[in-house]
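Working notes for the structure below.
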Amino acid sequence: MPDAKLGLRVHDTLSRRKVRIEPGKVRGRKTLRLYVCGVTPYDSGHMGHAFAFCTFDILVRFVEAAGIRVRYVQNVTDVDDPLFERAQRDGVDWRELAERETARHIRDMGALGWRPPDVMPRVSDEIAPILRAATELDARGYAYHTNALYFDVSRYRGYGRLSRRSRLSMIRKLRLEGLLGTVGPGAKRDALDFPLWRQSAPEEPAWPSRFGPGRPGWHIECSAMAMRYLGEQIDIHGGGRDLIFSHHESERAQSESLTGKVPFARAWMHTGLVRYEGRKMSKSLGNLVFVSQALERAPAAAVRLYLASHRYGRDWEFSWSGLAQAARLAARLRVLLAGEKAGVGAAQPVKSGGVGPKKGMSAAGRRLVARFTDALADDLDTPRAIRILREATRLREAEAARWMLGILAGTASLS
């Protein structure tokens, strides 16, 4: 995989097929522009979060190992209903809660060998550009103002294409999630219209605007932040599958309406959901396995390897026995790499001639690395990459195994 061509293909949710990602140049250097929807910081991160963010960490490290720069943005939604509700229930300031849980998220992901995003914008710091985007949509005739500023879905052809949902299905999901709102005089005109700017409740923060004091709607936040830090068109927009509708569907509509440029994202890349005890792992259900709990039972690199043993786009069931199996692989790797540091360094970028260090690596090791990179280039096939890592461990190809581990586990510790 020479650095002139990345050779990466990922499954695009919009087209329902694998698309080739060939980054363009930013300031003269080939750069992949990646935006991933981050956390709403009102509680500790669980393994569902870790699966999504570690998946994109592998993607970033793989692309960077090819000598291609990644401009990686992951937001923090610190202006949102769950955060305000938790802060009010606990009797703490919402800013204090957001700061504490954001720090916890960064600490948890750091323990998992995460390569921090280049920018982690917080909604509360981005109100001005978010408001400008909402105002511009209003000026262009894509919005109307009643009790809030709403995006007029009828002005955007193709709403529902990303999620492949019918109008009735979209309305049902909004109702199920409590996001349908009121339709009628003085409110929104259509059930699918969504707020760009809304009134704040008395206990919530409010910012001044021409539409009255209030706060941003959920979807406009990500559009504004993605375009501010990455430009009007990006290479990959990532997030969990549960965000396809209504968040990403609405984000796509308002972004392309705002700029007139299509597509907003060349690929929409979504991770599957993690189940536990037969149900989706979620805070509302309370069936959570926190990152801190997993790290009490296994080394960080083992947690990363366990997450990577599942295809990123599929739902899967968390099990402690599966984590224990990954811990046994980590133990064999630790023995193989004895004499090295316990932490595994990130793979180093290669200037030319393909991915993978050549110095000190045997011919067999180079062949293993070539198969490994082929697996990741084919829609980030991490289970296949794990099997090749196991093979390298069994064959005692230490240099190849060390390099693969740097992609899959980042700087996570083997001990």
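Ordered as shown in the structure tokens, chains take letters A, B, and onward, while each chain numbers its residues from 1 and ligands are numbered from 1 in the order shown.
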According to DSSP computed on the backbone, where in range 18-51 of chain A is there alpha helix (DSSP H)? Give the residues as an MDAnalysis selection string.
chainID A and resid 47:51
Nearby residues (only C-alpha atoms) at most 10 Å from Gly322 in chain A, same-chain spacing under 3 positions excluded, as a PyMOL selection string:
chain A and resi 303+306-307+309+317-319+325-327
Tell me, counting only C-alpha atoms, for each residue of range 87-127 of chain A within 7 Å of range 283-300 of chain A, which pair of atoms is nearest and how far apart they are in Å to one decimal, in rows ordered by chain and increasing number, as a Markdown table.
```
| residue | atom | partner | partner_atom | distance |
| --- | --- | --- | --- | --- |
| A:Asp108 | CA | A:Val291 | CA | 6.5 |
| A:Ala111 | CA | A:Ala300 | CA | 6.6 |
| A:Leu112 | CA | A:Ala300 | CA | 5.3 |
```
Selected residues written out with all heavy atoms, as a PDB file, in the first residue's frame:
```pdb
ATOM      1  N   ASP A 108     -10.269   7.539  30.554  1.00  0.00           N
ATOM      2  CA  ASP A 108     -10.577   6.152  30.190  1.00  0.00           C
ATOM      3  C   ASP A 108      -9.995   5.794  28.833  1.00  0.00           C
ATOM      4  O   ASP A 108      -9.383   4.738  28.660  1.00  0.00           O
ATOM      5  CB  ASP A 108     -12.095   5.939  30.157  1.00  0.00           C
ATOM      6  CG  ASP A 108     -12.718   5.830  31.537  1.00  0.00           C
ATOM      7  OD1 ASP A 108     -11.966   5.672  32.520  1.00  0.00           O
ATOM      8  OD2 ASP A 108     -13.959   5.910  31.636  1.00  0.00           O
ATOM      9  N   ALA A 111      -6.285   5.444  28.859  1.00  0.00           N
ATOM     10  CA  ALA A 111      -5.862   4.156  29.409  1.00  0.00           C
ATOM     11  C   ALA A 111      -5.959   3.050  28.367  1.00  0.00           C
ATOM     12  O   ALA A 111      -5.217   2.063  28.434  1.00  0.00           O
ATOM     13  CB  ALA A 111      -6.724   3.802  30.624  1.00  0.00           C
ATOM     14  N   LEU A 112      -6.849   3.225  27.387  1.00  0.00           N
ATOM     15  CA  LEU A 112      -7.005   2.242  26.318  1.00  0.00           C
ATOM     16  C   LEU A 112      -6.094   2.527  25.121  1.00  0.00           C
ATOM     17  O   LEU A 112      -6.285   1.962  24.043  1.00  0.00           O
ATOM     18  CB  LEU A 112      -8.464   2.186  25.858  1.00  0.00           C
ATOM     19  CG  LEU A 112      -9.457   1.588  26.856  1.00  0.00           C
ATOM     20  CD1 LEU A 112     -10.874   1.645  26.301  1.00  0.00           C
ATOM     21  CD2 LEU A 112      -9.091   0.144  27.203  1.00  0.00           C
TER      22      LEU A 112
END
```
Please provide the set of residues having any atom within 10 Å of Gly240 in chain A, restricted to only C-alpha atoms, with same-chain residues fewer than 6 positions apart removed, written as a PyMOL selection string.
chain A and resi 36-38+48-49+51-53+269-273+312-313
Write the residues of the preceding selection, restricted to C-alpha atoms, as a PDB file, in the first residue's frame.
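Here's the written file out.pdb:
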```pdb
ATOM      1  CA  VAL A  36     -16.657  11.405  14.834  1.00  0.00           C
ATOM      2  CA  CYS A  37     -19.617  12.205  17.060  1.00  0.00           C
ATOM      3  CA  GLY A  38     -18.364  12.144  20.633  1.00  0.00           C
ATOM      4  CA  GLY A  48     -20.224   0.581  23.816  1.00  0.00           C
ATOM      5  CA  HIS A  49     -18.466   3.946  23.772  1.00  0.00           C
ATOM      6  CA  PHE A  51     -15.930   0.052  20.912  1.00  0.00           C
ATOM      7  CA  ALA A  52     -16.826   3.048  18.755  1.00  0.00           C
ATOM      8  CA  PHE A  53     -13.883   5.234  19.720  1.00  0.00           C
ATOM      9  CA  MET A 269     -19.159   5.032   8.747  1.00  0.00           C
ATOM     10  CA  HIS A 270     -21.203   3.583  11.607  1.00  0.00           C
ATOM     11  CA  THR A 271     -20.208   1.188  14.366  1.00  0.00           C
ATOM     12  CA  GLY A 272     -22.539  -1.481  15.689  1.00  0.00           C
ATOM     13  CA  LEU A 273     -24.092  -1.539  19.134  1.00  0.00           C
ATOM     14  CA  TYR A 312     -17.079  -2.657  13.522  1.00  0.00           C
ATOM     15  CA  GLY A 313     -20.399  -2.430  11.681  1.00  0.00           C
TER      16      GLY A 313
END
```
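Residues within 8 Å of range 149-158 of chain A, counting only C-alpha atoms and excluding same-chain residues fewer than 2 positions away, are Leu137, Tyr142, Ala143, Tyr144, His145, Thr146, Asn147, Gly160, Arg161, Lys188, Asp190, Leu192, Asp193, Phe194, Pro195, Leu196, Trp197, Arg198, Phe211, Ala253, Gln254 and Ser257 of chain A.
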Residue with the minimum atom-to-atom distance to Ser223 in chain A, picked from A:Pro129, A:Gly186, A:Gly7, A:Gly260 with only C-alpha atoms counted, is A:Pro129
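Minimum distance to Ile234 in chain A across A:Arg394, A:His247, A:Arg366, A:Lys25 (counting only C-alpha atoms) occurs at A:Lys25.
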Which residues in range 91-335 of chain A does DSSP call strand (DSSP E or B)? List them as a PyMOL selection string.
chain A and resi 119+122+143-145+149-151+183+188+194-198+207+214-216+234-240+265-271+274-276+279-280+290+316-317
If you count only C-alpha atoms, which residues fall within 8 Å of Asp57 in chain A, apart from same-chain ones fewer than 3 positions away, as a compact mmCIF listing (two decimals) with C-alpha atoms, in the first residue's frame?
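So the final result, stored in result16.txt, reads:
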```txt
# COMPACT_ATOMS: atom_id res chain seq x y z
CA PHE A 53 -13.88 5.23 19.72
CA CYS A 54 -11.31 2.43 19.59
CA VAL A 60 -6.54 6.76 12.38
CA ARG A 61 -3.43 4.75 13.23
CA TRP A 114 -6.22 6.15 22.38
CA ARG A 115 -4.63 8.65 20.02
CA GLY A 410 -2.25 1.89 20.21
```
Range 162-213 of chain A residues near range 67-89 of chain A within 10 Å, closest pair each, using only C-alpha atoms, as a Markdown table:
```
| residue | atom | partner | partner_atom | distance |
| --- | --- | --- | --- | --- |
| A:Ala201 | CA | A:Phe84 | CA | 9.8 |
| A:Glu203 | CA | A:Gln88 | CA | 7.9 |
| A:Glu204 | CA | A:Phe84 | CA | 6.7 |
| A:Pro205 | CA | A:Val79 | CA | 8.4 |
```
Just N, CA and C atoms for this one: save the residues we selected as a CSV table (one decimal), in the first residue's frame.
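Saved result, result06.csv, follows:
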```csv
chain,number,residue,atom,x,y,z
A,201,ALA,N,-35.1,26.0,28.9
A,201,ALA,CA,-35.9,25.9,30.1
A,201,ALA,C,-35.3,26.8,31.1
A,203,GLU,N,-34.0,26.4,34.0
A,203,GLU,CA,-32.8,26.0,34.7
A,203,GLU,C,-31.6,25.7,33.7
A,204,GLU,N,-31.8,25.9,32.4
A,204,GLU,CA,-30.8,25.6,31.4
A,204,GLU,C,-30.1,26.9,31.0
A,205,PRO,N,-28.9,26.8,30.5
A,205,PRO,CA,-28.2,28.0,30.0
A,205,PRO,C,-28.8,28.5,28.7
```
By how many Å are CA of Glu126 in chain A and CA of Trp218 in chain A apart?
12.8 Å
If we count only C-alpha atoms and set the cut-off at 9 Å, which residues sit around Asp12 in chain A, ignoring sequence neighbours fewer than 3 positions away in its own chain? Please answer as a list in words.
Ser15, Arg16, Arg17, Lys18, Val19, Ile236, Arg266, Ala267, Trp268, Met269 and His270 of chain A
Let's have the selection written as a PDB file, in the first residue's frame, with N, CA, C and O atoms.
```pdb
ATOM      1  N   SER A  15     -24.736   4.815   0.633  1.00  0.00           N
ATOM      2  CA  SER A  15     -24.804   4.049  -0.620  1.00  0.00           C
ATOM      3  C   SER A  15     -24.978   2.554  -0.386  1.00  0.00           C
ATOM      4  O   SER A  15     -25.290   1.812  -1.318  1.00  0.00           O
ATOM      5  N   ARG A  16     -24.751   2.107   0.849  1.00  0.00           N
ATOM      6  CA  ARG A  16     -24.828   0.687   1.214  1.00  0.00           C
ATOM      7  C   ARG A  16     -23.803  -0.149   0.444  1.00  0.00           C
ATOM      8  O   ARG A  16     -24.053  -1.299   0.104  1.00  0.00           O
ATOM      9  N   ARG A  17     -22.654   0.441   0.196  1.00  0.00           N
ATOM     10  CA  ARG A  17     -21.586  -0.305  -0.466  1.00  0.00           C
ATOM     11  C   ARG A  17     -20.242   0.202   0.034  1.00  0.00           C
ATOM     12  O   ARG A  17     -20.160   1.248   0.680  1.00  0.00           O
ATOM     13  N   LYS A  18     -19.208  -0.553  -0.273  1.00  0.00           N
ATOM     14  CA  LYS A  18     -17.867  -0.113   0.084  1.00  0.00           C
ATOM     15  C   LYS A  18     -17.422   0.977  -0.877  1.00  0.00           C
ATOM     16  O   LYS A  18     -17.594   0.841  -2.094  1.00  0.00           O
ATOM     17  N   VAL A  19     -16.871   2.034  -0.332  1.00  0.00           N
ATOM     18  CA  VAL A  19     -16.363   3.119  -1.163  1.00  0.00           C
ATOM     19  C   VAL A  19     -14.883   3.313  -0.853  1.00  0.00           C
ATOM     20  O   VAL A  19     -14.425   3.121   0.266  1.00  0.00           O
ATOM     21  N   ILE A 236     -14.713  11.223   5.950  1.00  0.00           N
ATOM     22  CA  ILE A 236     -15.485  10.229   6.703  1.00  0.00           C
ATOM     23  C   ILE A 236     -16.177  10.906   7.879  1.00  0.00           C
ATOM     24  O   ILE A 236     -15.562  11.659   8.627  1.00  0.00           O
ATOM     25  N   ARG A 266     -18.031  12.014   2.282  1.00  0.00           N
ATOM     26  CA  ARG A 266     -17.849  11.030   1.214  1.00  0.00           C
ATOM     27  C   ARG A 266     -18.201   9.624   1.685  1.00  0.00           C
ATOM     28  O   ARG A 266     -18.519   8.755   0.873  1.00  0.00           O
ATOM     29  N   ALA A 267     -18.115   9.396   2.977  1.00  0.00           N
ATOM     30  CA  ALA A 267     -18.541   8.112   3.533  1.00  0.00           C
ATOM     31  C   ALA A 267     -19.096   8.345   4.929  1.00  0.00           C
ATOM     32  O   ALA A 267     -18.531   9.115   5.711  1.00  0.00           O
ATOM     33  N   TRP A 268     -20.215   7.688   5.221  1.00  0.00           N
ATOM     34  CA  TRP A 268     -20.800   7.670   6.565  1.00  0.00           C
ATOM     35  C   TRP A 268     -20.487   6.295   7.149  1.00  0.00           C
ATOM     36  O   TRP A 268     -20.953   5.276   6.645  1.00  0.00           O
ATOM     37  N   MET A 269     -19.686   6.281   8.192  1.00  0.00           N
ATOM     38  CA  MET A 269     -19.159   5.032   8.747  1.00  0.00           C
ATOM     39  C   MET A 269     -19.736   4.841  10.144  1.00  0.00           C
ATOM     40  O   MET A 269     -19.485   5.657  11.052  1.00  0.00           O
ATOM     41  N   HIS A 270     -20.503   3.775  10.336  1.00  0.00           N
ATOM     42  CA  HIS A 270     -21.203   3.583  11.607  1.00  0.00           C
ATOM     43  C   HIS A 270     -20.798   2.276  12.289  1.00  0.00           C
ATOM     44  O   HIS A 270     -20.738   1.229  11.638  1.00  0.00           O
TER      45      HIS A 270
END
```
